[in-house]
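Enquirer: Please find structure.tsv (TSV, C-alpha atoms) on the next line:
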```tsv
chain	number	residue	atom	x	y	z
A	1	MET	CA	152.47	284.55	69.25
A	2	PRO	CA	153.50	281.24	67.71
A	3	ASP	CA	152.86	277.99	69.53
A	4	PHE	CA	155.67	275.60	70.28
A	5	GLU	CA	155.48	271.92	71.07
A	6	VAL	CA	157.79	271.12	73.94
A	7	GLU	CA	159.09	267.78	75.06
A	8	VAL	CA	161.29	267.51	78.14
A	9	ARG	CA	163.11	264.29	78.91
A	10	VAL	CA	164.21	263.87	82.52
A	11	MET	CA	166.68	261.06	83.21
A	12	PRO	CA	168.33	259.81	86.39
A	13	ARG	CA	171.92	261.05	86.43
A	14	GLU	CA	174.36	258.56	84.87
A	15	SER	CA	176.45	258.27	88.03
A	16	LEU	CA	173.43	257.26	90.12
A	17	LEU	CA	172.08	253.78	90.61
A	18	ASP	CA	168.76	253.34	88.76
A	19	PRO	CA	167.11	250.33	90.44
A	20	GLN	CA	164.03	250.64	88.22
A	21	GLY	CA	166.15	250.44	85.06
A	22	GLN	CA	168.10	247.50	86.47
A	23	THR	CA	164.93	245.59	87.25
A	24	VAL	CA	163.53	246.13	83.76
A	25	GLU	CA	166.87	245.05	82.29
A	26	HIS	CA	166.70	241.79	84.23
A	27	ALA	CA	163.13	241.25	83.01
A	28	LEU	CA	164.22	241.81	79.40
A	29	HIS	CA	167.03	239.28	79.87
A	30	ALA	CA	164.51	236.81	81.27
A	31	LEU	CA	162.37	237.30	78.16
A	32	GLY	CA	165.32	236.29	76.00
A	33	PHE	CA	166.62	239.76	75.11
A	34	GLY	CA	170.00	238.95	76.60
A	35	GLU	CA	171.88	241.54	74.55
A	36	VAL	CA	170.22	244.48	76.33
A	37	ARG	CA	172.57	246.64	78.42
A	38	GLY	CA	172.30	249.85	80.42
A	39	VAL	CA	168.53	250.28	80.78
A	40	ARG	CA	167.66	253.56	82.46
A	41	ILE	CA	164.19	254.88	83.12
A	42	GLY	CA	163.22	258.53	83.23
A	43	ARG	CA	160.13	260.50	82.35
A	44	ALA	CA	158.89	262.52	79.41
A	45	ILE	CA	156.85	265.70	79.87
A	46	LYS	CA	155.00	267.23	76.90
A	47	PHE	CA	153.21	270.54	76.63
A	48	SER	CA	152.64	273.45	74.28
A	49	LEU	CA	153.82	276.97	74.88
A	50	SER	CA	153.02	280.32	73.29
A	51	CYS	CA	156.24	282.25	72.96
A	52	GLY	CA	157.89	284.94	70.81
A	53	SER	CA	160.65	282.69	69.51
A	54	ALA	CA	162.11	279.22	69.82
A	55	GLU	CA	165.05	280.66	71.79
A	56	GLU	CA	162.72	282.33	74.24
A	57	ALA	CA	160.70	279.11	74.57
A	58	GLU	CA	163.84	277.13	75.29
A	59	ARG	CA	164.99	279.64	77.90
A	60	SER	CA	161.64	279.48	79.61
A	61	VAL	CA	161.55	275.65	79.59
A	62	ARG	CA	165.07	275.55	81.00
A	63	ALA	CA	163.89	277.68	83.94
A	64	MET	CA	160.94	275.30	84.45
A	65	CYS	CA	163.34	272.34	84.54
A	66	GLU	CA	165.69	274.01	86.98
A	67	ARG	CA	162.89	275.08	89.31
A	68	LEU	CA	160.46	272.15	89.15
A	69	LEU	CA	160.61	269.53	86.41
A	70	ALA	CA	164.01	268.05	87.29
A	71	ASN	CA	165.95	267.66	90.52
A	72	PRO	CA	169.46	269.08	89.97
A	73	VAL	CA	170.95	266.59	92.48
A	74	THR	CA	169.68	263.40	90.89
A	75	GLU	CA	168.47	264.13	87.36
A	76	ASP	CA	169.58	265.51	83.97
A	77	PHE	CA	167.16	266.97	81.48
A	78	HIS	CA	166.97	267.35	77.72
A	79	ILE	CA	164.72	269.90	76.03
A	80	ALA	CA	163.24	269.62	72.52
A	81	VAL	CA	161.27	272.60	71.18
A	82	ARG	CA	159.59	272.67	67.78
A	83	LYS	CA	157.15	275.06	66.17
A	84	ALA	CA	153.60	273.69	66.19
A	85	SER	CA	152.33	272.88	62.74
B	1	MET	CA	153.52	276.57	126.28
B	2	ILE	CA	155.66	275.69	123.27
B	3	ARG	CA	153.63	275.98	120.10
B	4	VAL	CA	154.15	273.36	117.40
B	5	ALA	CA	152.76	273.78	113.87
B	6	VAL	CA	152.20	270.45	112.09
B	7	ILE	CA	151.86	271.30	108.39
B	8	ARG	CA	149.20	269.38	106.48
B	9	PHE	CA	149.52	268.86	102.75
B	10	PRO	CA	146.98	267.00	100.63
B	11	GLY	CA	148.32	263.46	101.09
B	12	SER	CA	149.97	263.91	104.50
B	13	ASN	CA	149.14	260.83	106.56
B	14	CYS	CA	151.36	260.93	109.63
B	15	ASP	CA	149.98	264.29	110.74
B	16	GLU	CA	147.71	262.94	113.51
B	17	ASP	CA	150.46	260.76	115.01
B	18	THR	CA	152.93	263.64	114.91
B	19	LEU	CA	150.46	266.01	116.57
B	20	ARG	CA	149.76	263.46	119.28
B	21	ALA	CA	153.47	262.86	119.94
B	22	PHE	CA	154.08	266.59	120.48
B	23	LYS	CA	151.04	266.86	122.74
B	24	LEU	CA	152.32	263.94	124.81
B	25	ALA	CA	155.60	265.83	125.10
B	26	GLY	CA	153.73	268.77	126.60
B	27	ALA	CA	153.43	271.08	123.60
B	28	ASP	CA	150.47	273.03	122.26
B	29	ALA	CA	150.44	271.33	118.86
B	30	TYR	CA	148.03	272.28	116.06
B	31	PHE	CA	147.59	271.72	112.33
B	32	VAL	CA	148.35	274.32	109.68
B	33	TRP	CA	146.87	273.72	106.22
B	34	HIS	CA	149.36	274.09	103.38
B	35	ARG	CA	147.38	276.95	101.77
B	36	GLU	CA	147.82	279.15	104.83
B	37	ARG	CA	150.49	281.84	104.89
B	38	SER	CA	150.91	282.11	108.66
B	39	LEU	CA	152.33	279.63	111.15
B	40	HIS	CA	150.23	281.25	113.92
B	41	GLY	CA	153.14	281.98	116.22
B	42	ALA	CA	154.77	278.54	116.06
B	43	ASP	CA	157.97	277.91	118.01
B	44	ILE	CA	158.57	274.61	116.19
B	45	VAL	CA	157.47	273.60	112.67
B	46	VAL	CA	157.05	269.99	111.58
B	47	LEU	CA	156.51	268.59	108.10
B	48	PRO	CA	154.98	265.15	108.71
B	49	GLY	CA	155.20	261.97	106.67
B	50	GLY	CA	152.86	260.89	103.91
B	51	PHE	CA	152.60	261.39	100.18
B	52	ALA	CA	152.08	265.13	99.68
B	53	PHE	CA	150.42	265.72	96.29
B	54	GLY	CA	150.63	261.99	95.64
B	55	ASP	CA	154.44	262.24	95.30
B	56	TYR	CA	153.67	263.34	91.72
B	57	LEU	CA	156.73	264.32	89.67
B	58	ARG	CA	159.04	263.60	92.63
B	59	ALA	CA	158.38	263.22	96.35
B	60	GLY	CA	158.15	266.73	97.79
B	61	ALA	CA	158.55	268.52	94.45
B	62	ILE	CA	155.09	270.10	94.40
B	63	ALA	CA	154.70	270.57	98.15
B	64	ARG	CA	157.70	272.88	98.33
B	65	PHE	CA	155.73	275.48	96.35
B	66	SER	CA	152.72	275.45	98.69
B	67	PRO	CA	151.90	278.92	100.08
B	68	VAL	CA	152.83	277.91	103.65
B	69	MET	CA	156.40	277.10	102.59
B	70	ASP	CA	157.37	280.79	102.48
B	71	ALA	CA	156.59	281.03	106.19
B	72	VAL	CA	158.38	277.72	106.86
B	73	CYS	CA	161.51	278.95	105.05
B	74	ARG	CA	161.37	282.26	106.95
B	75	HIS	CA	161.04	280.40	110.28
B	76	ALA	CA	164.05	278.25	109.32
B	77	ARG	CA	166.14	281.27	108.24
B	78	GLU	CA	165.40	282.96	111.56
B	79	GLY	CA	166.81	279.93	113.38
B	80	GLY	CA	163.48	278.35	114.39
B	81	PRO	CA	163.48	274.56	114.78
B	82	VAL	CA	162.10	272.66	111.77
B	83	LEU	CA	161.69	268.89	111.60
B	84	GLY	CA	160.87	266.93	108.45
B	85	ILE	CA	159.89	263.31	108.93
B	86	CYS	CA	160.05	260.98	105.90
B	87	ASN	CA	158.01	262.84	103.24
B	88	GLY	CA	158.74	265.99	105.26
B	89	PHE	CA	162.49	265.30	104.86
B	90	GLN	CA	161.92	264.98	101.10
B	91	VAL	CA	160.10	268.34	101.06
B	92	LEU	CA	162.96	270.01	103.01
B	93	CYS	CA	165.48	268.75	100.44
B	94	GLU	CA	163.34	269.90	97.51
B	95	ALA	CA	162.97	273.30	99.22
B	96	ASN	CA	166.78	273.55	99.56
B	97	LEU	CA	166.52	273.84	103.34
B	98	LEU	CA	168.63	270.68	103.46
B	99	PRO	CA	171.23	269.50	100.91
B	100	GLY	CA	170.93	266.40	98.72
B	101	ALA	CA	167.91	264.36	97.69
B	102	LEU	CA	166.04	261.16	98.52
B	103	ALA	CA	166.09	258.72	95.60
B	104	ARG	CA	164.21	255.48	95.01
B	105	ASN	CA	165.26	252.70	97.40
B	106	ALA	CA	168.12	250.61	96.01
B	107	GLY	CA	166.09	247.43	96.56
B	108	LEU	CA	163.19	248.97	94.63
B	109	THR	CA	160.62	247.83	97.20
B	110	PHE	CA	158.72	249.99	99.65
B	111	VAL	CA	160.32	249.25	103.03
B	112	SER	CA	158.08	249.24	106.10
B	113	ARG	CA	159.69	247.81	109.21
B	114	PRO	CA	161.56	248.76	112.37
B	115	VAL	CA	165.23	249.66	111.84
B	116	ARG	CA	168.04	250.42	114.25
B	117	VAL	CA	169.52	253.89	114.03
B	118	ARG	CA	172.32	255.53	115.99
B	119	VAL	CA	172.02	259.13	117.19
B	120	GLU	CA	175.19	260.79	115.91
B	121	ALA	CA	174.51	264.47	116.60
B	122	THR	CA	172.98	265.61	119.87
B	123	ASP	CA	173.41	269.34	119.21
B	124	THR	CA	170.11	269.77	117.36
B	125	PRO	CA	166.82	270.73	119.03
B	126	PHE	CA	165.40	267.30	118.22
B	127	THR	CA	168.21	265.19	119.68
B	128	ARG	CA	169.47	267.30	122.58
B	129	LEU	CA	168.18	264.93	125.27
B	130	CYS	CA	169.34	261.77	123.46
B	131	PRO	CA	172.40	260.09	124.94
B	132	PRO	CA	175.22	260.45	122.34
B	133	GLY	CA	175.57	257.22	120.39
B	134	ALA	CA	172.20	255.94	121.61
B	135	ILE	CA	170.71	253.26	119.37
B	136	PHE	CA	166.95	253.54	118.79
B	137	THR	CA	164.63	251.10	117.11
B	138	LEU	CA	162.30	253.18	114.93
B	139	PRO	CA	159.96	252.27	112.09
B	140	VAL	CA	160.71	253.30	108.51
B	141	ALA	CA	158.06	253.29	105.77
B	142	HIS	CA	159.24	254.65	102.44
B	143	GLY	CA	159.88	253.89	98.79
B	144	GLU	CA	162.25	256.81	98.25
B	145	GLY	CA	164.61	257.03	101.17
B	146	ARG	CA	168.04	256.54	99.60
B	147	TYR	CA	169.94	259.67	100.56
B	148	VAL	CA	172.13	260.92	97.71
B	149	ALA	CA	174.35	263.98	97.35
B	150	PRO	CA	177.57	264.81	95.50
B	151	PRO	CA	180.61	263.21	97.21
B	152	GLU	CA	181.96	266.58	98.35
B	153	ARG	CA	178.61	267.35	99.99
B	154	ILE	CA	178.61	264.02	101.85
B	155	GLU	CA	182.16	264.71	103.01
B	156	GLU	CA	181.07	268.12	104.26
B	157	LEU	CA	178.12	266.60	106.18
B	158	GLU	CA	180.47	264.09	107.79
B	159	SER	CA	183.27	266.54	108.66
B	160	GLU	CA	180.79	269.02	110.13
B	161	GLY	CA	179.05	266.33	112.19
B	162	ARG	CA	175.74	266.94	110.45
B	163	VAL	CA	174.61	263.31	110.16
B	164	VAL	CA	171.98	263.21	112.91
B	165	LEU	CA	170.79	259.60	112.56
B	166	ARG	CA	172.63	256.71	110.92
B	167	TYR	CA	171.39	253.20	110.20
B	168	VAL	CA	173.37	250.75	112.31
B	169	GLU	CA	175.97	249.03	110.11
B	170	GLY	CA	174.49	246.23	108.04
B	171	THR	CA	170.88	247.38	108.47
B	172	ASN	CA	170.68	250.15	105.81
B	173	PRO	CA	167.19	249.55	104.34
B	174	ASN	CA	167.48	251.64	101.16
B	175	GLY	CA	171.10	251.97	99.99
B	176	SER	CA	171.50	255.43	101.52
B	177	ALA	CA	174.97	256.99	101.15
B	178	ASN	CA	177.10	256.39	104.29
B	179	ASP	CA	174.04	254.74	105.94
B	180	ILE	CA	172.57	258.23	106.41
B	181	ALA	CA	169.08	258.22	107.97
B	182	GLY	CA	168.89	261.89	108.94
B	183	ILE	CA	170.82	265.14	108.57
B	184	THR	CA	170.82	268.73	109.74
B	185	ASN	CA	171.68	272.08	108.13
B	186	ARG	CA	174.81	274.05	108.96
B	187	GLU	CA	172.96	276.12	111.59
B	188	ARG	CA	171.60	272.87	113.08
B	189	ASN	CA	168.02	274.09	113.47
B	190	VAL	CA	166.59	272.18	110.47
B	191	VAL	CA	166.54	268.39	110.74
B	192	GLY	CA	165.29	265.80	108.23
B	193	ILE	CA	164.98	262.12	109.08
B	194	MET	CA	163.56	259.11	107.27
B	195	PRO	CA	162.51	257.02	110.33
B	196	HIS	CA	159.21	257.76	112.08
B	197	PRO	CA	159.77	258.57	115.78
B	198	GLU	CA	156.08	259.54	116.08
B	199	ARG	CA	155.22	255.88	115.54
B	200	ALA	CA	157.37	254.91	118.51
B	201	VAL	CA	156.09	256.96	121.44
B	202	ASP	CA	154.26	254.27	123.38
B	203	PRO	CA	155.22	250.71	124.39
B	204	LEU	CA	151.84	249.67	123.02
B	205	LEU	CA	153.13	250.57	119.56
B	206	GLY	CA	156.13	248.27	120.02
B	207	SER	CA	158.57	250.97	121.04
B	208	ALA	CA	158.65	254.27	122.92
B	209	GLU	CA	162.21	255.01	121.84
B	210	GLY	CA	161.18	257.83	119.53
B	211	PHE	CA	159.63	259.89	122.30
B	212	THR	CA	162.94	261.53	123.35
B	213	MET	CA	163.03	263.42	120.04
B	214	PHE	CA	159.76	265.17	120.90
B	215	THR	CA	160.67	265.94	124.52
B	216	SER	CA	164.06	267.18	123.27
B	217	ALA	CA	162.41	269.59	120.87
B	218	VAL	CA	159.92	270.92	123.40
B	219	GLN	CA	162.36	271.28	126.29
B	220	SER	CA	165.30	272.70	124.33
B	221	THR	CA	163.02	275.22	122.62
B	222	ALA	CA	161.59	276.24	126.02
B	223	LEU	CA	165.14	276.82	127.28
B	224	THR	CA	166.19	278.98	124.31
B	225	SER	CA	162.96	280.98	124.28
B	226	GLY	CA	163.02	281.39	128.04
B	227	GLY	CA	159.46	280.16	128.44
B	228	ALA	CA	158.03	277.16	130.22
B	229	PRO	CA	157.70	273.94	128.21
```
I'd like the structure from this file rewritten - as structure tokens, please.
Expert:
Amino acid sequence: MPDFEVEVRVMPRESLLDPQGQTVEHALHALGFGEVRGVRIGRAIKFSLSCGSAEEAERSVRAMCERLLANPVTEDFHIAVRKAS
Amino acid sequence: MIRVAVIRFPGSNCDEDTLRAFKLAGADAYFVWHRERSLHGADIVVLPGGFAFGDYLRAGAIARFSPVMDAVCRHAREGGPVLGICNGFQVLCEANLLPGALARNAGLTFVSRPVRVRVEATDTPFTRLCPPGAIFTLPVAHGEGRYVAPPERIEELESEGRVVLRYVEGTNPNGSANDIAGITNRERNVVGIMPHPERAVDPLLGSAEGFTMFTSAVQSTALTSGGAP
């Protein structure tokens, strides 16, 4: 079975306050990067997966996100799957 | 004697205090390790505070898949009283036994201090002996205690009287929606709260105002099960 490289990006939902992002934004302003707006901080999760096809891999990763990797109340997730070279 | 299972996860750290509070209230309280599959005939189940699994990924996210959680969910479904304190509340939300989630405090800092909360629902096993509207001073100690849920869910909690504890106006320590400090499920047997009543069961600790929650649980469970407390 082919190997796939998976990267999941989990971000706090847009409608929710992200105090961590706000704090980093203020720090960037203090450093002179005054043009920065809308900093939000999430997490990236990387792993490899043996799977029959990219579609199957994506389906499986989606299930992982819904069950464990992201909280459906507070977070959105983005999945990137690519065949390992 | 009412039997109380205090669940221990790797990283629980309010387990001893919680056990002691239930013993003071007259219960036969004992620990259950998270890898166990039985609650050993518990009448009441408590998920104590701490940092189960280091709060890795999200607070409570890993703990909800511990083997013991199947038995906890079964106990809850059968109407048995379940209390989640702080990290335990986070686990109950992750396990979908309670709606919503606990997000990072709005002020970003870990908050550890006494707060004033009002008892808003006295029809749960853990608040039955509390005078309605009573204001308790209880410690909070959390970095992720900001209760969030979709607006329609918050409205539902409010209209069904399911907010159990509310921070007194102007004292909300974490930016929680509607000043919510604790909620219950629709059947009112599962309760999650951010404050730590187990740290307020003796005047020597600065307050004994949390003790009523433990006597409530023990006595109301004794009444419904027909046994002696």
Enquirer: Just the number, please: distance in Å from atom CA of A:Met1 to atom CA of A:Ser48, one decimal.
Expert: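 Between atom CA of A:Met1 and atom CA of A:Ser48 the gap is 12.2 Å.
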Enquirer: Up to 8 Å from chain B, what residues of chain A turn up? Count all atoms listed in the file and give them as number ranges by chain.
Expert: A: 17-20, 68-69, 71, 73-74
Enquirer: Within 9 Å of (163.2, 268.7, 82.6), all atoms listed in the file: residues as number ranges by chain?
Expert: A: 7-11, 43-45, 61-62, 64-66, 68-71, 75-79
Enquirer: Using all atoms listed in the file, which of B:Val6, B:Asp17, B:Ile44, B:Thr171 sits nearest B:His75?
Expert: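 Residue with the minimum atom-to-atom distance to B:His75: B:Ile44.
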Enquirer: Please identify all polymer residues within 7 Å of B:Asn185, counting only C-alpha atoms, omitting same-chain residues fewer than 5 positions from it, and present them as a VMD selection string.
Expert: chain B and resid 98 162 190 to 191
Enquirer: Report the distance between atom CA of B:Ala52 and atom CA of B:Glu78 in Å, rounded to one decimal place.
Expert: 25.2 Å
Enquirer: Would you mind listing what lies within 12 Å of B:Met1 as number ranges by chain, with only C-alpha atoms counted and same-chain residues fewer than 3 positions away left out?
Expert: B: 4, 22-23, 25-29, 41-44, 218-219, 221-223, 225-229
Enquirer: Excluding A:Ser85 and any residue of its chain fewer than 6 positions from it, enumerate the residues within 10 Å of it, using all atoms listed in the file, and give them as a PDB file with C-alpha atoms, in the frame of the given file.
Expert:
```pdb
ATOM      1  CA  PRO A   2     153.500 281.240  67.710  1.00  0.00           C
ATOM      2  CA  ASP A   3     152.860 277.990  69.530  1.00  0.00           C
ATOM      3  CA  PHE A   4     155.670 275.600  70.280  1.00  0.00           C
ATOM      4  CA  GLU A   5     155.480 271.920  71.070  1.00  0.00           C
TER       5      GLU A   5
END
```
Enquirer: Which value, in Å to one decimal, gives the distance between atom CA of B:Val201 and atom CA of B:Leu157?
Expert: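 Separation between atom CA of B:Val201 and atom CA of B:Leu157: 28.5 Å.
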Enquirer: Contacts of B:Asp202 at 12 Å or less, counting all atoms listed in the file, minus same-chain residues fewer than 3 places along, as a ChimeraX atom specification?
Expert: /B:17,20-21,24-25,138,197-199,205-212
Enquirer: When you count only C-alpha atoms, which of these residues is closest to B:Asp55: B:Asn87, B:Ser159, B:Asn172, B:Thr124?
Expert: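 Under the stated criterion, the closest residue is B:Asn87.
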Enquirer: Produce the centre coordinates and the three edge lengths, each in Å to one decimal, of the box along x, y and z that contains all listed atoms of stretch 75-81 of chain A with 4 Å added on each side, as JSON.
Expert:
```
{"center_x": 165.4, "center_y": 268.4, "center_z": 79.3, "size_x": 16.3, "size_y": 16.5, "size_z": 24.2}
```
Enquirer: A:Glu35: which residues within 12 Å, counting all atoms listed in the file, same-chain residues fewer than 6 positions away excluded, as a list in words?
Expert: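 Selected residues are Glu25, His26, Leu28 and His29 of chain A.
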Enquirer: Given the choices B:Ala177, B:Ile135, B:Ile85, B:Ala95, which gets closest to B:Tyr147 if the distance is worked out from only C-alpha atoms?
Expert: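 Ranking B:Ala177, B:Ile135, B:Ile85, B:Ala95 by distance to B:Tyr147, first place goes to B:Ala177.
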Enquirer: Within 12 Å of (148.2, 262.3, 101.2) in the file's own coordinates, which protein, DNA or RNA residues have an atom, counting only C-alpha atoms? List them as a list in words.
Expert: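 Nearby residues: Arg8, Phe9, Pro10, Gly11, Ser12, Asn13, Cys14, Asp15, Pro48, Gly49, Gly50, Phe51, Ala52, Phe53, Gly54, Asp55, Tyr56, Ala59, Gly60, Ala63, Asn87 and Gly88 of chain B.
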Enquirer: Only C-alpha atoms, please: the residues just picked out, written as a short mmCIF file (atom, residue, chain, number, x, y, z; two decimals), keeping the file's coordinate frame.
Expert:
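Saved to part19.cif:
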```
data_model
loop_
_atom_site.label_atom_id
_atom_site.label_comp_id
_atom_site.auth_asym_id
_atom_site.auth_seq_id
_atom_site.Cartn_x
_atom_site.Cartn_y
_atom_site.Cartn_z
CA ARG B 8 149.20 269.38 106.48
CA PHE B 9 149.52 268.86 102.75
CA PRO B 10 146.98 267.00 100.63
CA GLY B 11 148.32 263.46 101.09
CA SER B 12 149.97 263.91 104.50
CA ASN B 13 149.14 260.83 106.56
CA CYS B 14 151.36 260.93 109.63
CA ASP B 15 149.98 264.29 110.74
CA PRO B 48 154.98 265.15 108.71
CA GLY B 49 155.20 261.97 106.67
CA GLY B 50 152.86 260.89 103.91
CA PHE B 51 152.60 261.39 100.18
CA ALA B 52 152.08 265.13 99.68
CA PHE B 53 150.42 265.72 96.29
CA GLY B 54 150.63 261.99 95.64
CA ASP B 55 154.44 262.24 95.30
CA TYR B 56 153.67 263.34 91.72
CA ALA B 59 158.38 263.22 96.35
CA GLY B 60 158.15 266.73 97.79
CA ALA B 63 154.70 270.57 98.15
CA ASN B 87 158.01 262.84 103.24
CA GLY B 88 158.74 265.99 105.26
#
```
Enquirer: Is there a way to complete stretch 47-72 of chain B with N, CA and C atoms and then write that out as an mmCIF file, keeping the file's coordinate frame?
Expert:
```cif
data_model
loop_
_atom_site.group_PDB
_atom_site.id
_atom_site.type_symbol
_atom_site.label_atom_id
_atom_site.label_comp_id
_atom_site.auth_asym_id
_atom_site.auth_seq_id
_atom_site.Cartn_x
_atom_site.Cartn_y
_atom_site.Cartn_z
ATOM 1 N N LEU B 47 157.104 269.087 109.344
ATOM 2 C CA LEU B 47 156.510 268.590 108.100
ATOM 3 C C LEU B 47 156.387 267.077 108.285
ATOM 4 N N PRO B 48 155.162 266.560 108.383
ATOM 5 C CA PRO B 48 154.980 265.150 108.710
ATOM 6 C C PRO B 48 155.138 264.235 107.485
ATOM 7 N N GLY B 49 155.080 262.952 107.743
ATOM 8 C CA GLY B 49 155.200 261.970 106.670
ATOM 9 C C GLY B 49 153.913 261.840 105.862
ATOM 10 N N GLY B 50 154.011 261.112 104.774
ATOM 11 C CA GLY B 50 152.860 260.890 103.910
ATOM 12 C C GLY B 50 153.284 260.908 102.453
ATOM 13 N N PHE B 51 152.347 261.343 101.619
ATOM 14 C CA PHE B 51 152.600 261.390 100.180
ATOM 15 C C PHE B 51 152.015 262.705 99.658
ATOM 16 N N ALA B 52 152.621 263.822 100.053
ATOM 17 C CA ALA B 52 152.080 265.130 99.680
ATOM 18 C C ALA B 52 151.923 265.205 98.162
ATOM 19 N N PHE B 53 150.735 265.611 97.727
ATOM 20 C CA PHE B 53 150.420 265.720 96.290
ATOM 21 C C PHE B 53 150.722 264.401 95.566
ATOM 22 N N GLY B 54 150.471 263.296 96.263
ATOM 23 C CA GLY B 54 150.630 261.990 95.640
ATOM 24 C C GLY B 54 152.049 261.656 95.224
ATOM 25 N N ASP B 55 153.047 262.416 95.730
ATOM 26 C CA ASP B 55 154.440 262.240 95.300
ATOM 27 C C ASP B 55 154.574 262.439 93.781
ATOM 28 N N TYR B 56 153.603 263.127 93.163
ATOM 29 C CA TYR B 56 153.670 263.340 91.720
ATOM 30 C C TYR B 56 154.947 264.085 91.348
ATOM 31 N N LEU B 57 155.467 263.792 90.196
ATOM 32 C CA LEU B 57 156.730 264.320 89.670
ATOM 33 C C LEU B 57 157.901 263.763 90.460
ATOM 34 N N ARG B 58 158.076 264.187 91.695
ATOM 35 C CA ARG B 58 159.040 263.600 92.630
ATOM 36 C C ARG B 58 158.473 263.855 94.019
ATOM 37 N N ALA B 59 158.866 263.002 94.976
ATOM 38 C CA ALA B 59 158.380 263.220 96.350
ATOM 39 C C ALA B 59 158.804 264.609 96.819
ATOM 40 N N GLY B 60 157.841 265.411 97.230
ATOM 41 C CA GLY B 60 158.150 266.730 97.790
ATOM 42 C C GLY B 60 158.257 267.856 96.773
ATOM 43 N N ALA B 61 158.277 267.508 95.483
ATOM 44 C CA ALA B 61 158.550 268.520 94.450
ATOM 45 C C ALA B 61 157.444 269.571 94.338
ATOM 46 N N ILE B 62 156.200 269.154 94.524
ATOM 47 C CA ILE B 62 155.090 270.100 94.400
ATOM 48 C C ILE B 62 154.858 270.793 95.740
ATOM 49 N N ALA B 63 154.971 270.030 96.820
ATOM 50 C CA ALA B 63 154.700 270.570 98.150
ATOM 51 C C ALA B 63 155.573 271.775 98.478
ATOM 52 N N ARG B 64 156.801 271.787 97.953
ATOM 53 C CA ARG B 64 157.700 272.880 98.330
ATOM 54 C C ARG B 64 157.192 274.225 97.817
ATOM 55 N N PHE B 65 156.264 274.215 96.870
ATOM 56 C CA PHE B 65 155.730 275.480 96.350
ATOM 57 C C PHE B 65 154.385 275.848 96.983
ATOM 58 N N SER B 66 153.954 275.097 97.986
ATOM 59 C CA SER B 66 152.720 275.450 98.690
ATOM 60 C C SER B 66 152.899 276.805 99.383
ATOM 61 N N PRO B 67 151.803 277.585 99.478
ATOM 62 C CA PRO B 67 151.900 278.920 100.080
ATOM 63 C C PRO B 67 152.570 278.927 101.462
ATOM 64 N N VAL B 68 152.298 277.910 102.283
ATOM 65 C CA VAL B 68 152.830 277.910 103.650
ATOM 66 C C VAL B 68 154.365 277.813 103.677
ATOM 67 N N MET B 69 154.961 277.331 102.584
ATOM 68 C CA MET B 69 156.400 277.100 102.590
ATOM 69 C C MET B 69 157.216 278.385 102.713
ATOM 70 N N ASP B 70 156.650 279.516 102.291
ATOM 71 C CA ASP B 70 157.370 280.790 102.480
ATOM 72 C C ASP B 70 157.575 281.048 103.970
ATOM 73 N N ALA B 71 156.503 280.811 104.737
ATOM 74 C CA ALA B 71 156.590 281.030 106.190
ATOM 75 C C ALA B 71 157.526 280.000 106.832
ATOM 76 N N VAL B 72 157.493 278.760 106.322
ATOM 77 C CA VAL B 72 158.380 277.720 106.860
ATOM 78 C C VAL B 72 159.840 278.097 106.609
#
```
